[in-house]
Structure formats: structure tokens, C-alpha cells
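A.B. asks: Here's a structure for you.
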Amino acid sequence: MIIAVSYKDNEIFEHFGHAEMFAIYKTNDDNTEILSKEIVEVKETGHQAVADLMDSLNVDAVIVGNIGVHARAALAAYGIVAFAGFCGNSDDAAELLMHGQLPFLSDEALGTSTVESMICWLPVRLSIR
């Protein structure tokens with residue numbers, strides 16, 4: 001699995017289309033270990049440009065602070081699932097997703113698509129075995 005996390009200072013960046021960097025995590029085949037982490041600079045912002053970048057990197061899932069419905073749809077068109085509404089450490093979030101412990105929050109659950117009123121769910125590392 002390849003997981004992309006909107007990234008700034010080892011934290012989940014707040015908005016998909018405005019992220020200047022993504023941390024790209026590659027896992028082993030059975031999703032039990034993160035094999036590598038690479039920081040990728042975004043050359044062109046905007047939801048379609050960033051979705052295109054995620055597709056070019058063969059990303060399976062994206063973790064972000066916030067994402068609008070059009071950006072989520074652009075990712076979905078490539079078969080990429082967006083996990084939104086999170087803040088905190090990017091490494092922890094990627095590990096939780098890899099283990100199936102990061103919840104999917106729908107647009108309805110998030111309640112808004114604006115950063116200013118966004119609810120931020122802090123991923124908590126549970127005892128992962």
C-alpha cells in the first residue's frame with residue numbers, strides 16, 4: 001500500500017489542495033510494516049493538480065486535515081480514498097491507517113468543508129501488534 005499524508009513539520013497539514021509537501025509511505029505487501037517514507041514537494045497546487053500527483057505516485061490512500069468534495073471526488077476518480085479530518089503526527093496516522101485503525105470520516109461526519117471551522121481528530125496510537 002502507498003499512503004500519502006499532507007505534510008508540514010512531521011505533522012498532518014490542514015488542507016489537501018494547499019499542501020506544499022506530502023509524506024509518501026510505502027508498506028510491505030501484507031501491510032504490517034512501513035518500508036519507506038519520502039517527502040515529495042508539490043509543484044502545482046489545487047485539488048486536481050494534487051490529485052494528479054497522487055495518481056502519478058500510485059497512492060492508494062491520502063490522509064489530510066481537510067478536503068473539499070471536489071478534491072475528494074478527483075481522488076476517487078483515480079481509486080484513491082481520502083481520510084480527512086485529522087491532525088497530529090504524520091507517521092502515527094500512516095501507521096494507524098496501515099493497520100486499519102484510522103476511521104473514515106465522510107463529508108457528512110466532518111460537517112463542513114472549510115478549514116476555519118474544521119473539527120480535527122487527533123490519531124491516537126493504540127497498542128499496535
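Chain identifiers are assigned as A, B, and so on, following the order in which chains appear in the C-alpha cells; residues are numbered from 1 within each chain, and ligands are numbered from 1 in order of appearance.
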List every residue of chain A that DSSP, applied to the backbone of this structure, places in helix (DSSP H, G or I), and write the result as a VMD selection string.
C.D. replies: chain A and resid 16 to 18 47 to 56 69 to 77 90 to 98 107 to 110 115 to 117
A.B. asks: Go through chain A and collect every residue that DSSP, computed from the backbone, puts in strand (DSSP E); the answer should be as a ChimeraX atom specification.
C.D. replies: /A:2-8,11-12,21-27,34-41,61-63,81-83
A.B. asks: Calculated over only C-alpha atoms, which of the candidates A:Phe13, A:Tyr25, A:Phe104, A:Tyr7 has the smallest distance to Ala84 of chain A?
C.D. replies: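 When distances to Ala84 of chain A are compared using only C-alpha atoms, the smallest one comes from A:Phe104.
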A.B. asks: If you count only C-alpha atoms, which residues fall within 7 Å of Val42 of chain A, apart from same-chain ones fewer than 3 positions away, as a list in words?
C.D. replies: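 In the requested form, the answer reads Glu20, Met21 and Thr45 of chain A.
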A.B. asks: Put those residues in a file: N, CA and C atoms, as a compact mmCIF listing (two decimals), in the first residue's frame.
C.D. replies:
```
# COMPACT_ATOMS: atom_id res chain seq x y z
N GLU A 20 2.03 21.94 0.51
CA GLU A 20 3.26 22.13 -0.27
C GLU A 20 4.10 20.87 -0.31
N MET A 21 3.79 19.93 0.61
CA MET A 21 4.53 18.67 0.67
C MET A 21 3.59 17.54 1.10
N THR A 45 -0.35 23.55 -6.99
CA THR A 45 -1.42 23.37 -6.02
C THR A 45 -2.78 23.36 -6.71
```
A.B. asks: Give me the residues within 12 Å of Thr32 of chain A as a list of chain:residue names, counting only C-alpha atoms and dropping any in the same chain fewer than 6 places off.
C.D. replies: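 After dropping sequence-adjacent residues, the list is A:Met1, A:Lys26, A:Ala94, A:Glu95, A:Leu96, A:Leu97, A:Met98, A:His99, A:Gly100, A:Ile128, A:Arg129.
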A.B. asks: For the residues in that selection, give me N, CA and C atoms as a PDB file, in the first residue's frame.
C.D. replies:
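See again.pdb below for the written result:
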```pdb
ATOM      1  N   MET A   1       0.849  -1.171   0.000  1.00  0.00           N
ATOM      2  CA  MET A   1       0.000   0.000   0.000  1.00  0.00           C
ATOM      3  C   MET A   1       0.893   1.232   0.000  1.00  0.00           C
ATOM      4  N   LYS A  26       5.447   3.806   1.984  1.00  0.00           N
ATOM      5  CA  LYS A  26       5.242   2.537   1.285  1.00  0.00           C
ATOM      6  C   LYS A  26       5.297   1.421   2.312  1.00  0.00           C
ATOM      7  N   ALA A  94      -0.175   7.402   9.443  1.00  0.00           N
ATOM      8  CA  ALA A  94       0.102   6.414   8.400  1.00  0.00           C
ATOM      9  C   ALA A  94       0.122   5.006   8.981  1.00  0.00           C
ATOM     10  N   GLU A  95       0.716   4.856  10.147  1.00  0.00           N
ATOM     11  CA  GLU A  95       0.765   3.537  10.773  1.00  0.00           C
ATOM     12  C   GLU A  95      -0.629   3.054  11.164  1.00  0.00           C
ATOM     13  N   LEU A  96      -1.444   3.946  11.707  1.00  0.00           N
ATOM     14  CA  LEU A  96      -2.810   3.566  12.062  1.00  0.00           C
ATOM     15  C   LEU A  96      -3.612   3.155  10.830  1.00  0.00           C
ATOM     16  N   LEU A  97      -3.461   3.899   9.740  1.00  0.00           N
ATOM     17  CA  LEU A  97      -4.170   3.540   8.515  1.00  0.00           C
ATOM     18  C   LEU A  97      -3.693   2.184   7.998  1.00  0.00           C
ATOM     19  N   MET A  98      -2.398   1.969   8.017  1.00  0.00           N
ATOM     20  CA  MET A  98      -1.841   0.704   7.551  1.00  0.00           C
ATOM     21  C   MET A  98      -2.453  -0.472   8.310  1.00  0.00           C
ATOM     22  N   HIS A  99      -2.700  -0.289   9.607  1.00  0.00           N
ATOM     23  CA  HIS A  99      -3.261  -1.346  10.439  1.00  0.00           C
ATOM     24  C   HIS A  99      -4.790  -1.347  10.463  1.00  0.00           C
ATOM     25  N   GLY A 100      -5.411  -0.481   9.652  1.00  0.00           N
ATOM     26  CA  GLY A 100      -6.868  -0.440   9.598  1.00  0.00           C
ATOM     27  C   GLY A 100      -7.519   0.191  10.810  1.00  0.00           C
ATOM     28  N   ILE A 128      -0.356  -1.333  18.864  1.00  0.00           N
ATOM     29  CA  ILE A 128      -0.429  -1.967  17.550  1.00  0.00           C
ATOM     30  C   ILE A 128       0.469  -3.186  17.561  1.00  0.00           C
ATOM     31  N   ARG A 129      -0.117  -4.312  17.202  1.00  0.00           N
ATOM     32  CA  ARG A 129       0.661  -5.559  17.187  1.00  0.00           C
ATOM     33  C   ARG A 129       0.541  -6.216  15.860  1.00  0.00           C
TER      34      ARG A 129
END
```
A.B. asks: For Asn31 of chain A, which of A:Cys87, A:Val62, A:Ala93, A:Ile2 is the closest residue, counting only C-alpha atoms?
C.D. replies: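 Between A:Cys87, A:Val62, A:Ala93, A:Ile2, the residue approaching Asn31 of chain A most closely is A:Ile2.
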A.B. asks: Closest to Asp9 of chain A among A:Ile39, A:Asp30, A:Ile63, A:Val69, using only C-alpha atoms?
C.D. replies: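 Going through A:Ile39, A:Asp30, A:Ile63, A:Val69 one by one, the smallest distance to Asp9 of chain A is for A:Ile39.
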A.B. asks: Can you measure atom CA of Lys37 of chain A to atom CA of Ile24 of chain A for me? One decimal in Å is fine.
C.D. replies: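 Going from atom CA of Lys37 of chain A over to atom CA of Ile24 of chain A, I get 5.5 Å.
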A.B. asks: Would you compute the distance between atom CA of Glu11 of chain A and atom CA of His70 of chain A? Give it in Å to one decimal.
C.D. replies: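 About the pair atom CA of Glu11 of chain A and atom CA of His70 of chain A: they are 23.7 Å apart.
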A.B. asks: Looking at only C-alpha atoms, which of A:Gln101, A:Asn10, A:Ile3, A:Asp91 is the one that sits closest to Leu57 of chain A?
C.D. replies: A:Ile3
